[in-house]
Each structure stands twice: as structure tokens, then as C-alpha cells.
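Quick look at entry_26.cif (mmCIF, C-alpha atoms):
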data_coords
#
loop_
_atom_site.label_atom_id
_atom_site.label_comp_id
_atom_site.auth_asym_id
_atom_site.auth_seq_id
_atom_site.Cartn_x
_atom_site.Cartn_y
_atom_site.Cartn_z
CA MET A 1 -17.41 32.89 13.94
CA SER A 2 -20.39 31.02 15.36
CA ASP A 3 -20.62 30.09 19.02
CA ALA A 4 -20.05 26.46 19.90
CA PRO A 5 -23.16 24.57 21.03
CA PRO A 6 -22.99 22.84 24.41
CA ILE A 7 -20.95 19.64 24.38
CA ARG A 8 -22.40 16.44 25.81
CA PRO A 9 -19.32 14.19 25.73
CA ALA A 10 -19.68 10.44 25.51
CA HIS A 11 -18.63 8.11 28.29
CA TYR A 12 -16.96 4.87 27.18
CA PRO A 13 -17.18 2.11 29.80
CA SER A 14 -14.56 0.08 27.89
CA LEU A 15 -11.95 2.72 28.70
CA ASP A 16 -12.49 2.52 32.45
CA GLY A 17 -9.28 1.13 33.95
CA CYS A 18 -7.51 0.56 30.64
CA VAL A 19 -3.83 1.50 30.37
CA VAL A 20 -3.12 4.34 27.93
CA PHE A 21 0.31 5.54 26.82
CA VAL A 22 0.53 9.01 25.22
CA THR A 23 3.63 10.52 23.62
CA GLY A 24 4.03 14.29 23.80
CA GLY A 25 1.33 14.43 26.45
CA GLY A 26 2.42 17.56 28.27
CA SER A 27 0.83 20.24 26.10
CA GLY A 28 -1.52 20.92 23.22
CA ILE A 29 -3.38 17.98 21.71
CA GLY A 30 -1.38 15.59 23.87
CA ALA A 31 -2.42 17.25 27.13
CA ALA A 32 -6.06 17.35 26.04
CA THR A 33 -5.80 13.64 25.24
CA VAL A 34 -4.26 12.79 28.61
CA GLU A 35 -7.05 14.68 30.35
CA ALA A 36 -9.79 13.12 28.22
CA PHE A 37 -8.65 9.57 28.99
CA ALA A 38 -8.14 10.36 32.67
CA ARG A 39 -11.70 11.69 32.85
CA GLN A 40 -12.87 8.36 31.40
CA GLY A 41 -11.28 6.50 34.32
CA ALA A 42 -8.32 5.23 32.30
CA ARG A 43 -4.87 4.74 33.80
CA VAL A 44 -2.81 7.16 31.73
CA ALA A 45 0.96 7.40 31.41
CA PHE A 46 2.60 9.97 29.18
CA VAL A 47 6.05 11.07 28.09
CA ASP A 48 7.31 14.53 27.20
CA ILE A 49 10.47 16.63 27.31
CA LEU A 50 8.63 19.54 28.96
CA THR A 51 8.93 18.69 32.63
CA ASP A 52 7.32 21.71 34.31
CA ILE A 53 4.10 21.79 32.32
CA SER A 54 3.82 17.99 32.41
CA GLU A 55 4.08 17.93 36.19
CA ALA A 56 1.53 20.76 36.36
CA LEU A 57 -0.86 18.69 34.22
CA VAL A 58 -0.49 15.72 36.56
CA GLU A 59 -1.23 17.96 39.52
CA ARG A 60 -4.27 19.44 37.80
CA LEU A 61 -5.63 15.93 37.20
CA SER A 62 -4.81 14.66 40.68
CA GLU A 63 -8.52 14.29 41.48
CA ALA A 64 -9.09 11.90 38.57
CA GLN A 65 -9.92 8.30 39.39
CA HIS A 66 -6.35 7.38 38.43
CA ARG A 67 -3.69 10.08 38.71
CA PRO A 68 -1.74 10.19 35.41
CA ALA A 69 1.91 9.16 35.45
CA PHE A 70 4.50 11.39 33.77
CA LEU A 71 7.80 9.96 32.54
CA PRO A 72 10.35 12.46 31.20
CA CYS A 73 11.50 11.15 27.82
CA ASP A 74 12.76 12.43 24.47
CA VAL A 75 11.00 10.26 21.88
CA THR A 76 13.89 10.68 19.45
CA ASN A 77 15.90 8.51 21.85
CA ILE A 78 14.40 5.15 20.94
CA GLU A 79 16.06 3.24 23.78
CA ALA A 80 14.66 5.75 26.28
CA LEU A 81 11.22 5.43 24.68
CA ARG A 82 11.36 1.64 24.86
CA GLY A 83 12.43 1.92 28.48
CA ALA A 84 9.49 4.19 29.31
CA ILE A 85 7.06 1.75 27.69
CA GLU A 86 8.48 -1.14 29.69
CA GLN A 87 8.37 0.94 32.88
CA VAL A 88 4.67 1.57 32.33
CA ARG A 89 4.12 -2.16 31.90
CA SER A 90 5.92 -2.80 35.17
CA ASP A 91 4.38 0.05 37.20
CA VAL A 92 0.87 0.30 35.74
CA GLY A 93 0.21 -2.77 33.60
CA PRO A 94 0.25 -3.89 29.94
CA ILE A 95 -0.65 -1.07 27.58
CA ASP A 96 -4.09 -1.26 25.97
CA VAL A 97 -3.98 2.00 24.01
CA LEU A 98 -1.06 3.82 22.37
CA ILE A 99 -1.51 7.43 21.30
CA ASN A 100 1.40 8.44 19.05
CA ASN A 101 1.05 12.20 19.32
CA ALA A 102 4.52 13.73 19.76
CA ALA A 103 5.58 16.01 16.89
CA ARG A 104 7.14 19.37 16.10
CA ASP A 105 5.82 21.41 13.17
CA ASP A 106 8.90 23.54 12.56
CA ARG A 107 8.87 25.95 9.63
CA HIS A 108 11.85 26.07 7.29
CA ASP A 109 13.12 27.36 3.96
CA VAL A 110 13.63 24.50 1.51
CA ASP A 111 17.05 25.76 0.43
CA SER A 112 18.28 25.75 4.02
CA VAL A 113 17.43 22.10 4.75
CA THR A 114 20.47 19.92 5.45
CA PRO A 115 20.59 16.11 5.70
CA GLU A 116 20.95 16.51 9.48
CA TYR A 117 17.87 18.75 9.68
CA TRP A 118 15.88 16.29 7.55
CA ASP A 119 16.86 13.33 9.70
CA ASP A 120 15.94 15.24 12.86
CA ALA A 121 12.51 16.09 11.41
CA MET A 122 11.87 12.43 10.63
CA ALA A 123 13.04 11.40 14.10
CA VAL A 124 10.75 13.78 15.97
CA ASN A 125 7.71 13.40 13.71
CA LEU A 126 7.73 9.86 12.28
CA ARG A 127 10.37 7.38 13.45
CA HIS A 128 9.27 7.10 17.08
CA GLN A 129 5.72 6.21 16.05
CA PHE A 130 6.94 2.97 14.48
CA PHE A 131 9.16 2.00 17.40
CA ALA A 132 6.49 2.79 19.99
CA ALA A 133 4.03 0.58 18.08
CA GLN A 134 6.65 -2.15 17.82
CA ALA A 135 7.28 -1.97 21.57
CA VAL A 136 3.62 -2.12 22.66
CA ARG A 137 2.63 -4.93 20.31
CA HIS A 138 3.61 -7.77 22.66
CA GLN A 139 1.86 -6.06 25.58
CA MET A 140 -1.36 -5.68 23.60
CA ARG A 141 -1.10 -9.26 22.43
CA GLU A 142 -1.03 -10.33 26.08
CA ARG A 143 -4.25 -8.40 26.65
CA GLY A 144 -5.97 -9.96 23.64
CA GLY A 145 -5.82 -6.82 21.53
CA GLY A 146 -5.50 -3.08 21.66
CA SER A 147 -5.73 0.19 19.79
CA ILE A 148 -2.98 2.36 18.31
CA VAL A 149 -3.81 5.90 17.22
CA ASN A 150 -1.19 7.74 15.16
CA PHE A 151 -1.43 11.49 14.71
CA SER A 152 -0.92 12.62 11.13
CA SER A 153 -2.01 16.01 9.74
CA ILE A 154 -3.82 17.50 6.77
CA ALA A 155 -0.59 19.42 6.09
CA TRP A 156 0.59 16.93 3.47
CA MET A 157 -2.73 16.55 1.66
CA ALA A 158 -2.62 19.89 -0.12
CA GLY A 159 1.17 20.29 -0.17
CA GLY A 160 1.96 22.02 3.08
CA VAL A 161 4.42 24.92 3.15
CA PRO A 162 6.72 26.15 4.62
CA PHE A 163 7.28 22.82 6.37
CA VAL A 164 8.08 20.28 3.69
CA ALA A 165 9.91 17.96 6.10
CA TYR A 166 7.03 17.97 8.58
CA ALA A 167 4.46 17.41 5.82
CA THR A 168 6.49 14.51 4.42
CA ALA A 169 6.66 12.84 7.84
CA LYS A 170 2.93 13.28 8.35
CA ALA A 171 2.23 11.65 4.97
CA GLY A 172 4.47 8.77 6.00
CA ILE A 173 2.39 8.24 9.12
CA VAL A 174 -0.63 7.32 6.99
CA GLY A 175 1.44 4.70 5.13
CA LEU A 176 2.76 3.44 8.45
CA THR A 177 -0.77 3.20 9.81
CA ASN A 178 -2.02 1.20 6.85
CA SER A 179 0.87 -1.26 6.98
CA LEU A 180 0.76 -1.75 10.75
CA ALA A 181 -2.99 -2.32 10.61
CA ARG A 182 -2.34 -5.25 8.26
CA GLU A 183 0.60 -6.52 10.32
CA PHE A 184 -1.16 -6.31 13.69
CA GLY A 185 -4.70 -7.24 12.71
CA ALA A 186 -4.29 -10.93 13.50
CA ASP A 187 -3.44 -9.93 17.06
CA ASN A 188 -6.72 -7.98 17.31
CA ILE A 189 -4.76 -4.74 17.42
CA ARG A 190 -6.38 -1.88 15.55
CA VAL A 191 -4.25 0.87 14.02
CA ASN A 192 -5.78 4.15 12.88
CA ALA A 193 -4.66 7.71 12.23
CA ILE A 194 -6.14 11.11 12.96
CA ALA A 195 -5.32 14.01 10.64
CA PRO A 196 -5.98 17.31 12.43
CA GLY A 197 -6.54 20.55 10.62
CA ALA A 198 -5.53 23.97 11.91
CA VAL A 199 -5.69 23.27 15.63
CA VAL A 200 -5.32 26.37 17.77
CA THR A 201 -2.96 25.58 20.63
CA GLU A 202 -0.91 27.78 22.93
CA ARG A 203 2.19 26.83 20.93
CA GLN A 204 0.58 27.79 17.64
CA LEU A 205 -0.42 31.17 19.01
CA ARG A 206 3.05 31.70 20.46
CA LEU A 207 5.01 30.72 17.35
CA TRP A 208 2.92 30.76 14.18
CA TYR A 209 -0.47 32.47 14.55
CA THR A 210 -1.73 35.80 15.72
CA GLU A 211 -5.23 35.84 17.21
CA GLU A 212 -6.43 37.47 13.99
CA GLN A 213 -4.86 34.77 11.82
CA ALA A 214 -6.44 32.05 13.95
CA ASP A 215 -9.83 33.67 13.39
CA GLU A 216 -9.19 34.05 9.65
CA THR A 217 -8.37 30.35 9.37
CA ALA A 218 -11.51 29.41 11.27
CA ASN A 219 -13.56 31.50 8.87
CA ARG A 220 -12.18 29.45 5.94
CA GLN A 221 -13.51 26.25 7.50
CA SER A 222 -16.97 24.86 6.80
CA ILE A 223 -17.64 25.00 10.54
CA ARG A 224 -16.49 28.47 11.42
CA ARG A 225 -15.18 28.00 14.91
CA ARG A 226 -11.65 27.56 16.11
CA LEU A 227 -10.54 23.94 16.07
CA LEU A 228 -9.33 23.18 19.60
CA PRO A 229 -7.34 20.25 21.03
CA ASP A 230 -10.38 18.80 22.84
CA GLU A 231 -11.97 17.91 19.50
CA LEU A 232 -9.01 15.70 18.59
CA ALA A 233 -8.95 14.12 22.04
CA ARG A 234 -12.57 13.06 21.73
CA THR A 235 -11.83 11.42 18.38
CA ALA A 236 -8.96 9.51 19.99
CA LEU A 237 -11.32 8.31 22.74
CA PHE A 238 -13.67 6.83 20.15
CA LEU A 239 -10.86 5.08 18.27
CA ALA A 240 -9.56 3.61 21.53
CA ALA A 241 -12.93 2.40 22.81
CA ASP A 242 -14.71 -0.86 22.02
CA ASP A 243 -17.30 1.15 20.09
CA SER A 244 -14.83 1.30 17.18
CA ARG A 245 -13.65 -2.30 17.44
CA MET A 246 -14.11 -3.02 13.71
CA ILE A 247 -12.46 0.21 12.54
CA THR A 248 -8.82 -0.13 11.49
CA LYS A 249 -6.50 1.09 8.70
CA GLN A 250 -8.33 4.42 8.56
CA CYS A 251 -7.25 8.07 8.66
CA ILE A 252 -9.94 10.27 10.16
CA ILE A 253 -9.73 13.93 9.16
CA VAL A 254 -10.75 16.37 11.88
CA ASP A 255 -10.41 19.80 10.31
CA ALA A 256 -13.89 21.41 10.49
CA GLY A 257 -14.02 21.25 6.71
CA LEU A 258 -10.87 23.31 6.02
CA ARG A 259 -9.68 21.13 3.12
#

Could you take the file, read its structure, and then write that structure out as C-alpha cells?
Amino acid sequence: MSDAPPIRPAHYPSLDGCVVFVTGGGSGIGAATVEAFARQGARVAFVDILTDISEALVERLSEAQHRPAFLPCDVTNIEALRGAIEQVRSDVGPIDVLINNAARDDRHDVDSVTPEYWDDAMAVNLRHQFFAAQAVRHQMRERGGGSIVNFSSIAWMAGGVPFVAYATAKAGIVGLTNSLAREFGADNIRVNAIAPGAVVTERQLRLWYTEEQADETANRQSIRRRLLPDELARTALFLAADDSRMITKQCIIVDAGLR
């Protein structure tokens, strides 16, 4: 694998002081996204079910211009999610940017899938994205507009296995994005999706990849370096900033050319 050249990250003045809400912000891509927005001077609030690592992330970012706020919340509980969104409005201010990141890429055998398992997979990977967008719409309307970024995946594009339920949900997110972009456009709310490739996170290495497999996947990409969470976070920054103000109803693939 080739070495990564030095990164000279962009600074987006339009993100300074804006209110950002991130689901699943305690680890992986979500944590990288929380940090990226905090480093831009945004006021970030995030939800997660992983309390210890979320609190550690807040502590690590305590020197940021605005210390992130962590709200424990299971996004499959829609009333709790709505409550967290309203709490952010009350404590921090109307939400300008929603990052729908929370997901769980469980593997499964097709023959073992039950209706209950299927419904749970949709709840943790797809359903909450709609209801979070629904809940922030009136807040963004108050602000004169906003940006919603939904995380999809390339998993569905080539027929991902062995996670048919996850891949189905991630395909649905692109349809959701396209429809919400049409619905919310008159309110100056942009809705886009990001489809990551084989992102190497601590969870992936713990559950699904060995170090050797991560390297093998990177070598199948056009850019032969491991795809890390920071790369997705920087894409989310762009889609949230004013620099992308005429971009909506798009799904941006960030996979280093794996497809």
C-alpha cells in the first residue's frame, strides 16, 4: 500500500457556530465526524448507546471552541430520538446540520432471518433516519435552511453478502434521500447521502476484519490505502458547508475506487 500524502484540510467559515446533530457519534465514522465538526468551531451534539466511549470522546474534545454534548439515546426508540433532538434545540439552539450516521452492519445467514430480525435491522439502519429528518425539518426551516447528510453504503450496489438486511436498508437510504430532497427543497434544506466503501474502524477490525484482510481490501481499491473514518468526515463537512449549497439529492461514493 502507498503512503498517504500530507493532508491540508479545508476550513469552512460557514460551519463556525452552527448546530450539528450526529447519530451514532461515539465511535467509528460518527466519532470522526463529531471531531471534524468540533474542530471547525461547530456546536456539536451527538447521541449513542455507548456511554463510556462517548463520554471519553467529549473529554478528548474538551479544548474545542465548543465542547460537544453527548446525549445517551437508542435511535431505534423514536420517541427518545425526538426528545434528544428537542433537547438540543432547547439547550444549544435550532439544528442546522443533521448527520444520520447510526447503523449496525451485522452479518447473518439468509435462512436464519426472522421477521423480528428483519424489522430490527430496518429500525437500526433505516427507520431512524427518516424520523430524525422529520424532527429537524421545522428547526431548519426556522433557520432559513439546513443540510441533512444520510449515511448509506456501497454494500447494496454490488449485492452485499452476508448482510442482506443491512444492504437492503442502505439501498433504502438512497431512495429516502432523493425523496426528502424533493420534499424539503422549498425550505432550502439540502439532503444528500454518502456511500462509504470498506472503512477500517476499530469495530471492523474487532468483528469482521483481520489486519491482513484490511490490507487485502485496500489493495483491491484504485487508491491502495486503507479507507479511514476521517475521509468520510471530511466529505460530510463539505456537504454541510455553504460551499455545497446547490448540491442536493446526491449520493457521493467514498470508496477509494473499490467498486

With only C-alpha atoms counted and 7 Å as the cut-off, give the residues of stretch 56-98 of chain A in contact with stretch 17-33 of chain A, each with its shortest interatomic distance in Å and the pair that gives it, as JSON lines.
{"residue": "A:Leu57", "atom": "CA", "partner": "A:Gly26", "partner_atom": "CA", "distance": 6.9}
{"residue": "A:Gly93", "atom": "CA", "partner": "A:Val19", "partner_atom": "CA", "distance": 6.7}
{"residue": "A:Pro94", "atom": "CA", "partner": "A:Val19", "partner_atom": "CA", "distance": 6.8}
{"residue": "A:Ile95", "atom": "CA", "partner": "A:Val19", "partner_atom": "CA", "distance": 4.9}
{"residue": "A:Asp96", "atom": "CA", "partner": "A:Val19", "partner_atom": "CA", "distance": 5.2}
{"residue": "A:Val97", "atom": "CA", "partner": "A:Val20", "partner_atom": "CA", "distance": 4.6}
{"residue": "A:Leu98", "atom": "CA", "partner": "A:Phe21", "partner_atom": "CA", "distance": 5.0}

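Straight-line separation from atom CA of A:Val149 to atom CA of A:Asn100: 6.1 Å.
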
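With distances taken over all atoms listed in the file, A:Ile85 is the one residue among A:Ala103, A:Ala45, A:Ile85, A:Val174 lying closest to A:Gln139.
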
Do you know which residues are at most 10 Å from A:Arg127 counting all atoms listed in the file, after dropping those on the same chain fewer than 5 positions away, and could you put them as an MDAnalysis selection string? chainID A and resid 75:76 78 119:122 132 169 172:173 176

Next item on the list: Apply the PyMOL selection byres ((chain A and resi 171) around 12) to the structure shown and report the selected residues as a PyMOL selection string.
Entry: chain A and resi 122+125-126+150-160+164-170+172-178+193-195+251

Evaluate the PyMOL selection byres ((chain A and resi 213-218) around 10) against this structure - the residues, as an NGL selection string, please.
:A and (1-2 or 198-201 or 204-205 or 208-212 or 219-227 or 255-258)

With distances taken over all atoms listed in the file, the candidate from A:Asp48, A:Asp91, A:Glu55, A:Asp106 nearest A:Pro162 is A:Asp106

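Evaluated on this file, the PyMOL selection byres ((chain A and resi 14) around 7) matches Tyr12, Pro13, Leu15, Asp16, Ala241 and Asp242 of chain A.
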
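With only C-alpha atoms as the atoms that count, the minimum distance from A:Thr51 to the choices A:Ile247, A:Ala84, A:Leu71, A:Val161 is reached by A:Leu71.
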